[in-house]
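Taking it in order: structure first as structure tokens, then the write-up.
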Amino acid sequence: MIAYERELNPEQYRVVTEKGGPLLVLAGAGSGKTRTLTYRVARLLEDGVPPERILLATFTNKAARSMLCRVESLVGRGAGNILGGTFHSIAHRLLRSYASRLDYSHRFSIVDTEDARQIIRQAMDDLHIDASLSKFPKNTILAEIISLAVNTESTLEDVLESRYPFFLHLSPEIHSIARRYAQKKKELQVMDFDDLLANGRRLLREHPDVLQTLSQRFQYVLVDEYQDTNVLQAEMVDLIASGHRNLMVVGDDSQSIYSFRGADFKNILRFPERYPDCKIFKLETNYRSTPEILHLANLSIHQNENQFPKALKAVRGRGTRPILVSAQNVLRQADFVAQRIAELARAGVAFGDMAVLYRAHYHSMEVQMEMVRRDIPFDIRSGIRFFEQAHVKDVTSYMRVLVRPDDELAWRRLMMMYPKIGKITFEKIWARLSRQENPLEALLSESFLKTAPKPAQAGLEKCRKTLLLLLSLEAADRTPGKIIDLLLNQGGYRTHLQDTYSDATGREEDLMQLGNFSTRFETMDEFLNELALLTNMSKEEDIEERQADRVILSTIHQAKGLEWSYVFIIGCADGMIPLQRALREPGGEEEERRLFYVAVTRAKDQLYLSYPVLDYSRSAGTLTLSSSRFVDEISPLSPQDEQRPFEQWALFDDV
DNA sequence: ATACGATTTTTTTTT
DNA sequence: AAAATCGTAT
């Protein structure tokens, strides 16, 4: 038995022991939100609720894994039957079982952002819309527009009007592209990320028997990071919880930072309206940060209008005041950060206890270079997602055609790696190939080769050889690891890597890692299907990574939920945070302030805010920047002010 | 006509 | 650093 009363504070204890019904938990930063949630699940299990009747929706796969892990160690037995994961992965699992209900093959596959953009580009080609001629939005932007319309459940016009007014006059064309895109996805039997949610909800909405089964099954539904849900996700949750109405949502409206992908923190603000009988709990005791850091955080977030009133209460003793550093330029800023990190390290602080946070990846360029120069070990929570890198997509496209010979996107990628096969030649080859019962077998036949355009034949022959090589593997041996090995050593892919990239060795190592990673999956099919939903090779799980003592460089978004003793927020200039571009969005300033709040509340002991006074950009030349409005609006009136939230330092070269 | 290499631009955040 | 675009070679 767990000694709940001793291990939890009274706020948390009340939440954990509350019986059932709709519950809204407003959990401030560092208030033990995850702890509360895991103890609650443990408590349910101890009360005899079967694990398979609990649904736990989280924001990232990592959060789900670590939470279930903690639950298991609490109750001392497997909690593996709990359905836990991101909304996308939960929807994915439902759709695998019920795909036929929505007129999809149960073998549908998932396309990632890049694939989706490709399909949209094809849709534009089909409609003879040339993006380069007029000032027509590029496929990337179109993908965003279409996605946002789905996720906010609004019309394309609404999205255009609020976020892209300068494209409003093109709405008929954009509509036809969207329609064509949907049609193509259907033909290819693929779903994009948004389809997973939209179809997941459709399944529950339109198939009462499915809803009946699922809503009866899930006796308890728990949702983490509720402030970041969008309309589709919120409704899915409502539907699934409709059977037993034991719905607990946990979140912090002040940390809602994902509106760019449709998240609507009105879901959390209006939860009490949707569930008038709900009970509201607040967790406001902060165990993480010093009172000085919390003072700054509270001052900042109080500038926002739309929120539940709240204030974090510190339990820790006094620390040092945060410091605002104005540096002459980005190089000086980088120099300061690296210098300070080196000093702290010499004073005995572990590298792993320090982090540098920023609004956008490119803000960190100079810091990265300076860290390399000084030999400071660091890890970038990189912007480029592992599974989206070119070499990973290259090798997985071979796997894809083996599993699904009609996978056009995979074929396209695969063939275009060979010489003399570009966009047009591929179209020609595919026009013939796709008519065949099994494109893979057709390609392997000698006779097919002759029908291909002359210049491409040599490349195609190589392609054929490589595929034959892969097919020569025994079915049981046809694993991702083995395929990668063959491609590198006999398929000529190693040469291709070396010819194409300067960092070929690093990429080769990535591929070995990918091979290792794939062994977690039972079948190659499963591996490929899950791939699109993964962002990173869960570094937390690798023991090596956990022990690695490195400074973390991360965007604020990716830092959510994490904490460090020493935190440097760089680029605290107006235009960087708040980011100029984000201010144009409706509600942009408040969202950016929440982002700032998230960044500030990551720090446990010491917080440094820094900004460059001069910045250089190719388009605008040299610019003078001023400190962020988020800093200015809480600035002390005088340096003697006892309540001042930060000290000020200035770093300029001697003149 | 097509591929491919050189050149230019362009960066928010993520499932 | 990667993608989009442009110009040239085949």
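Residue numbers start at 1 in each chain; chains themselves are named A, B, ... in the order of the structure tokens; ligands are numbered from 1 in the order shown.
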Residues of chain A no more than 9 Å from chain B, counting only C-alpha atoms (C1' of nucleotides): send them over as a CSV table (one decimal) with C-alpha atoms, in the first residue's frame.
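Resulting contents of result.csv:
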```csv
chain,number,residue,atom,x,y,z
A,59,PHE,CA,1.0,15.2,-25.1
A,60,THR,CA,4.1,13.2,-26.1
A,86,THR,CA,-0.7,10.8,-27.5
A,87,PHE,CA,-4.0,11.5,-29.0
A,88,HIS,CA,-2.5,10.7,-32.4
A,89,SER,CA,-1.3,7.3,-31.3
A,193,PHE,CA,-1.7,13.6,-38.8
A,194,ASP,CA,-4.9,15.5,-38.9
A,257,ILE,CA,1.7,27.3,-26.2
A,258,TYR,CA,0.5,25.2,-29.2
A,260,PHE,CA,-0.2,27.3,-34.0
A,261,ARG,CA,-1.3,23.8,-34.5
A,359,ARG,CA,12.4,30.9,-29.1
A,360,ALA,CA,13.6,29.7,-32.5
A,361,HIS,CA,16.4,27.3,-33.5
A,362,TYR,CA,18.3,29.9,-35.5
A,419,PRO,CA,21.0,8.7,-61.8
A,420,LYS,CA,19.0,10.2,-64.6
A,421,ILE,CA,15.7,9.6,-62.8
A,422,GLY,CA,14.1,12.8,-61.9
A,424,ILE,CA,9.4,13.5,-65.0
A,425,THR,CA,11.1,10.2,-65.6
A,532,ALA,CA,5.6,8.7,-38.6
A,533,LEU,CA,4.2,9.3,-35.1
A,534,LEU,CA,7.6,9.3,-33.5
A,535,THR,CA,9.6,12.5,-33.2
A,555,THR,CA,13.6,25.6,-27.9
A,556,ILE,CA,11.2,26.7,-25.2
A,557,HIS,CA,8.6,24.5,-26.7
A,558,GLN,CA,10.7,21.4,-26.3
A,579,LEU,CA,8.7,36.7,-32.2
A,581,ARG,CA,5.9,36.9,-36.9
A,582,ALA,CA,3.9,35.4,-34.0
```
Inset, instruction - Check the DSSP output for the backbone and give back, as number ranges by chain, the residues of region 29-58 of chain A in strand (DSSP E or B). - result: A: 54-58
Inset, instruction - Check the smallest atom-to-atom distance from each of A:Thr479, A:Asn230, A:Gln339, A:Gln219 to Ser154 (chain A) using only C-alpha atoms, then report the winner. - result: A:Asn230
Legend entry - C1' of DA1 (chain C) to CA of Met399 (chain A), distance in Å rounded to a single decimal: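 CA of Met399 (chain A) lies 27.0 Å from C1' of DA1 (chain C).
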Compile a residue-level contact table for chain C against chain A at a cut-off of 12 Å, reporting for every qualifying residue the shortest atom pair and its distance in Å to one decimal, with only C-alpha atoms (C1' of nucleotides) counted, rows ordered by chain and ascending number, as JSON lines.
```
{"residue": "C:DA1", "atom": "C1'", "partner": "A:Ile384", "partner_atom": "CA", "distance": 10.0}
{"residue": "C:DA2", "atom": "C1'", "partner": "A:Ile384", "partner_atom": "CA", "distance": 10.2}
{"residue": "C:DA3", "atom": "C1'", "partner": "A:Thr140", "partner_atom": "CA", "distance": 10.8}
{"residue": "C:DA4", "atom": "C1'", "partner": "A:Ser132", "partner_atom": "CA", "distance": 9.8}
{"residue": "C:DT5", "atom": "C1'", "partner": "A:Ser132", "partner_atom": "CA", "distance": 9.0}
{"residue": "C:DC6", "atom": "C1'", "partner": "A:Ser132", "partner_atom": "CA", "distance": 11.9}
{"residue": "C:DT10", "atom": "C1'", "partner": "A:Pro455", "partner_atom": "CA", "distance": 10.3}
```
Write a file of the just-selected residues containing C-alpha atoms (C1' of nucleotides), as a PDB file, in the first residue's frame.
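Below is the file that was written, selection25.pdb:
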```pdb
ATOM      1  C1'  DA C   1      21.449  23.683 -43.255  1.00  0.00           C
ATOM      2  C1'  DA C   2      17.924  22.670 -46.402  1.00  0.00           C
ATOM      3  C1'  DA C   3      14.788  23.800 -49.819  1.00  0.00           C
ATOM      4  C1'  DA C   4      13.456  26.265 -53.719  1.00  0.00           C
ATOM      5  C1'  DT C   5      14.852  28.352 -57.909  1.00  0.00           C
ATOM      6  C1'  DC C   6      17.579  29.174 -61.872  1.00  0.00           C
ATOM      7  C1'  DT C  10      23.307  16.540 -72.037  1.00  0.00           C
TER       8       DT C  10
END
```
Inset, instruction - Among the residues of region 341-468 of chain A, find those DSSP assigns to helix (DSSP H, G or I) from the backbone and print them as number ranges by chain. - result: A: 341-346, 351-353, 361-373, 386-388, 390-403, 408-415, 423-433, 439-444, 446-451, 454-468
Using C-alpha atoms, can you export the residues from the last selection as a PDB file, in the first residue's frame?
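Okay, this is what ended up in part-v1.pdb:
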```
ATOM      1  CA  ILE A 341      28.663  27.933 -18.218  1.00  0.00           C
ATOM      2  CA  ALA A 342      32.388  27.253 -18.105  1.00  0.00           C
ATOM      3  CA  GLU A 343      32.704  29.154 -14.816  1.00  0.00           C
ATOM      4  CA  LEU A 344      29.786  27.341 -13.258  1.00  0.00           C
ATOM      5  CA  ALA A 345      31.210  24.026 -14.389  1.00  0.00           C
ATOM      6  CA  ARG A 346      34.538  24.888 -12.785  1.00  0.00           C
ATOM      7  CA  PHE A 351      26.774  20.377 -17.320  1.00  0.00           C
ATOM      8  CA  GLY A 352      23.503  18.487 -17.208  1.00  0.00           C
ATOM      9  CA  ASP A 353      22.138  20.996 -14.691  1.00  0.00           C
ATOM     10  CA  HIS A 361      16.397  27.347 -33.466  1.00  0.00           C
ATOM     11  CA  TYR A 362      18.308  29.889 -35.461  1.00  0.00           C
ATOM     12  CA  HIS A 363      18.659  32.043 -32.360  1.00  0.00           C
ATOM     13  CA  SER A 364      21.099  29.469 -31.041  1.00  0.00           C
ATOM     14  CA  MET A 365      23.599  29.393 -33.895  1.00  0.00           C
ATOM     15  CA  GLU A 366      26.295  31.507 -32.274  1.00  0.00           C
ATOM     16  CA  VAL A 367      25.951  29.774 -28.930  1.00  0.00           C
ATOM     17  CA  GLN A 368      26.448  26.437 -30.628  1.00  0.00           C
ATOM     18  CA  MET A 369      29.634  27.637 -32.274  1.00  0.00           C
ATOM     19  CA  GLU A 370      30.969  29.099 -29.081  1.00  0.00           C
ATOM     20  CA  MET A 371      30.275  25.878 -27.180  1.00  0.00           C
ATOM     21  CA  VAL A 372      32.172  23.898 -29.788  1.00  0.00           C
ATOM     22  CA  ARG A 373      35.050  26.337 -29.626  1.00  0.00           C
ATOM     23  CA  PHE A 386      15.437  12.180 -36.428  1.00  0.00           C
ATOM     24  CA  PHE A 387      12.957  10.221 -38.466  1.00  0.00           C
ATOM     25  CA  GLU A 388      12.541  12.993 -40.978  1.00  0.00           C
ATOM     26  CA  ALA A 390      16.913  12.352 -45.605  1.00  0.00           C
ATOM     27  CA  HIS A 391      18.966   9.226 -44.975  1.00  0.00           C
ATOM     28  CA  VAL A 392      16.373   7.736 -42.644  1.00  0.00           C
ATOM     29  CA  LYS A 393      13.635   8.326 -45.169  1.00  0.00           C
ATOM     30  CA  ASP A 394      15.816   6.888 -47.916  1.00  0.00           C
ATOM     31  CA  VAL A 395      16.354   3.534 -46.274  1.00  0.00           C
ATOM     32  CA  THR A 396      12.818   3.244 -44.965  1.00  0.00           C
ATOM     33  CA  SER A 397      11.457   3.786 -48.456  1.00  0.00           C
ATOM     34  CA  TYR A 398      13.065   0.465 -49.446  1.00  0.00           C
ATOM     35  CA  MET A 399      11.300  -1.161 -46.523  1.00  0.00           C
ATOM     36  CA  ARG A 400       8.046   0.475 -47.488  1.00  0.00           C
ATOM     37  CA  VAL A 401       7.992  -0.872 -51.024  1.00  0.00           C
ATOM     38  CA  LEU A 402       8.731  -4.350 -49.762  1.00  0.00           C
ATOM     39  CA  VAL A 403       5.769  -4.230 -47.396  1.00  0.00           C
ATOM     40  CA  GLU A 408       3.860   5.587 -54.582  1.00  0.00           C
ATOM     41  CA  LEU A 409       5.590   8.042 -52.281  1.00  0.00           C
ATOM     42  CA  ALA A 410       8.185   5.471 -51.298  1.00  0.00           C
ATOM     43  CA  TRP A 411       8.817   4.487 -54.915  1.00  0.00           C
ATOM     44  CA  ARG A 412       9.246   8.093 -55.888  1.00  0.00           C
ATOM     45  CA  ARG A 413      11.833   8.730 -53.223  1.00  0.00           C
ATOM     46  CA  LEU A 414      13.635   5.478 -53.923  1.00  0.00           C
ATOM     47  CA  MET A 415      13.874   5.811 -57.687  1.00  0.00           C
ATOM     48  CA  LYS A 423      10.573  13.926 -61.389  1.00  0.00           C
ATOM     49  CA  ILE A 424       9.447  13.500 -64.996  1.00  0.00           C
ATOM     50  CA  THR A 425      11.097  10.167 -65.606  1.00  0.00           C
ATOM     51  CA  PHE A 426       9.637   8.813 -62.416  1.00  0.00           C
ATOM     52  CA  GLU A 427       6.152   9.863 -63.512  1.00  0.00           C
ATOM     53  CA  LYS A 428       6.636   8.001 -66.770  1.00  0.00           C
ATOM     54  CA  ILE A 429       7.884   4.850 -65.110  1.00  0.00           C
ATOM     55  CA  TRP A 430       5.198   4.967 -62.470  1.00  0.00           C
ATOM     56  CA  ALA A 431       2.451   5.458 -65.032  1.00  0.00           C
ATOM     57  CA  ARG A 432       3.276   1.988 -66.334  1.00  0.00           C
ATOM     58  CA  LEU A 433       4.224   0.420 -63.048  1.00  0.00           C
ATOM     59  CA  PRO A 439       4.556  -3.020 -59.083  1.00  0.00           C
ATOM     60  CA  LEU A 440       7.434  -4.617 -57.247  1.00  0.00           C
ATOM     61  CA  GLU A 441       7.331  -7.830 -59.256  1.00  0.00           C
ATOM     62  CA  ALA A 442       6.739  -5.925 -62.457  1.00  0.00           C
ATOM     63  CA  LEU A 443       9.856  -3.878 -61.943  1.00  0.00           C
ATOM     64  CA  LEU A 444      11.898  -6.986 -61.345  1.00  0.00           C
ATOM     65  CA  GLU A 446      13.630  -8.055 -67.452  1.00  0.00           C
ATOM     66  CA  SER A 447      11.021  -6.977 -69.969  1.00  0.00           C
ATOM     67  CA  PHE A 448       9.861  -4.001 -67.981  1.00  0.00           C
ATOM     68  CA  LEU A 449      13.247  -2.405 -68.042  1.00  0.00           C
ATOM     69  CA  LYS A 450      13.111  -1.928 -71.785  1.00  0.00           C
ATOM     70  CA  THR A 451       9.953   0.162 -71.594  1.00  0.00           C
ATOM     71  CA  LYS A 454      16.673   5.175 -72.341  1.00  0.00           C
ATOM     72  CA  PRO A 455      18.857   7.416 -70.184  1.00  0.00           C
ATOM     73  CA  ALA A 456      17.272   6.035 -67.037  1.00  0.00           C
ATOM     74  CA  GLN A 457      17.811   2.375 -67.824  1.00  0.00           C
ATOM     75  CA  ALA A 458      21.210   2.050 -66.229  1.00  0.00           C
ATOM     76  CA  GLY A 459      19.960   3.562 -62.993  1.00  0.00           C
ATOM     77  CA  LEU A 460      16.857   1.440 -63.047  1.00  0.00           C
ATOM     78  CA  GLU A 461      18.935  -1.673 -63.496  1.00  0.00           C
ATOM     79  CA  LYS A 462      20.898  -0.775 -60.398  1.00  0.00           C
ATOM     80  CA  CYS A 463      17.675  -0.198 -58.549  1.00  0.00           C
ATOM     81  CA  ARG A 464      16.416  -3.589 -59.647  1.00  0.00           C
ATOM     82  CA  LYS A 465      19.615  -5.298 -58.516  1.00  0.00           C
ATOM     83  CA  THR A 466      19.321  -3.713 -55.102  1.00  0.00           C
ATOM     84  CA  LEU A 467      15.729  -4.787 -54.684  1.00  0.00           C
ATOM     85  CA  LEU A 468      16.568  -8.334 -55.768  1.00  0.00           C
TER      86      LEU A 468
END
```
Need to verify the contact set: Asn304 (chain A), 10 Å, only C-alpha atoms (C1' of nucleotides), exclusion of same-chain residues closer than 6 positions in sequence. Can you return it as a PDB file with N, CA and C atoms, in the first residue's frame?
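Writing the result to around-v2.pdb gives the following:
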```
ATOM      1  N   SER A 254      -1.921  28.763 -18.348  1.00  0.00           N
ATOM      2  CA  SER A 254      -0.809  29.686 -18.571  1.00  0.00           C
ATOM      3  C   SER A 254       0.318  29.058 -19.371  1.00  0.00           C
ATOM      4  N   GLU A 589       0.293  37.903 -28.860  1.00  0.00           N
ATOM      5  CA  GLU A 589       1.121  38.435 -27.783  1.00  0.00           C
ATOM      6  C   GLU A 589       0.949  37.640 -26.496  1.00  0.00           C
ATOM      7  N   GLU A 590      -0.304  37.316 -26.171  1.00  0.00           N
ATOM      8  CA  GLU A 590      -0.516  36.555 -24.940  1.00  0.00           C
ATOM      9  C   GLU A 590       0.125  35.174 -25.024  1.00  0.00           C
ATOM     10  N   GLU A 591       0.048  34.573 -26.199  1.00  0.00           N
ATOM     11  CA  GLU A 591       0.671  33.252 -26.348  1.00  0.00           C
ATOM     12  C   GLU A 591       2.186  33.343 -26.174  1.00  0.00           C
ATOM     13  N   ARG A 593       3.717  35.491 -24.421  1.00  0.00           N
ATOM     14  CA  ARG A 593       3.997  35.736 -23.004  1.00  0.00           C
ATOM     15  C   ARG A 593       3.926  34.431 -22.220  1.00  0.00           C
ATOM     16  N   ARG A 594       2.978  33.598 -22.595  1.00  0.00           N
ATOM     17  CA  ARG A 594       2.914  32.284 -21.939  1.00  0.00           C
ATOM     18  C   ARG A 594       4.190  31.493 -22.213  1.00  0.00           C
TER      19      ARG A 594
END
```
Legend entry - For CA of Tyr608 (chain A) and CA of Arg318 (chain A), the interatomic separation in Å (one decimal):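 If I compute the distance from CA of Tyr608 (chain A) to CA of Arg318 (chain A), I get 16.7 Å.
Those residues that approach region 37-44 of chain A to within 9 Å, counting only C-alpha atoms (C1' of nucleotides), are A:Ile2, A:Tyr4, A:Leu8, A:Tyr13, A:Val15, A:Val16, A:Thr17, A:Glu18, A:Gly32, A:Lys33, A:Gly48, A:Val49, A:Pro50, A:Pro51, A:Ile54, A:Leu56, A:Met67, A:Leu68, A:Arg70, A:Val71, A:Glu72, A:Leu74, A:Val75, A:Tyr220, A:Leu222, A:Asp224, A:Val250; same-chain residues fewer than 4 positions away are not listed.
Taking CA of His175 (chain A) and CA of Ile119 (chain A) as endpoints, the distance between them is 15.1 Å.
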Inset, instruction - Extract, using only C-alpha atoms (C1' of nucleotides), all DNA, RNA and protein residues at most 10 Å from Ala63 (chain A), discarding same-chain residues fewer than 5 positions from it, and format them as a ChimeraX atom specification. - result: /A:34,57-58,68-69,84-86,224,561
Could you write out the selected residues, including N, CA and C atoms, as a compact mmCIF listing (two decimals), in the first residue's frame?
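And here is the file that came out, part-v5.txt:
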```
# COMPACT_ATOMS: atom_id res chain seq x y z
N THR A 34 2.76 15.86 -12.63
CA THR A 34 2.97 14.48 -13.06
C THR A 34 2.85 13.54 -11.88
N ALA A 57 -4.33 9.97 -21.73
CA ALA A 57 -3.87 10.70 -22.92
C ALA A 57 -2.84 11.73 -22.52
N THR A 58 -1.72 11.73 -23.21
CA THR A 58 -0.65 12.66 -22.90
C THR A 58 -0.26 13.42 -24.16
N LEU A 68 3.68 5.87 -17.18
CA LEU A 68 3.31 4.48 -16.96
C LEU A 68 4.40 3.74 -16.19
N CYS A 69 5.63 4.14 -16.49
CA CYS A 69 6.77 3.54 -15.82
C CYS A 69 6.71 3.84 -14.32
N GLY A 84 -2.31 4.13 -23.03
CA GLY A 84 -1.71 5.44 -22.82
C GLY A 84 -0.93 5.90 -24.02
N GLY A 85 -0.94 7.18 -24.28
CA GLY A 85 -0.17 7.70 -25.40
C GLY A 85 -0.70 9.03 -25.84
N THR A 86 -0.17 9.51 -26.95
CA THR A 86 -0.66 10.78 -27.49
C THR A 86 -2.02 10.55 -28.14
N ASP A 224 -3.58 14.61 -19.74
CA ASP A 224 -2.49 15.48 -19.30
C ASP A 224 -2.36 16.65 -20.28
N GLY A 561 7.95 21.10 -19.40
CA GLY A 561 7.92 19.94 -18.51
C GLY A 561 9.27 19.58 -17.94
```
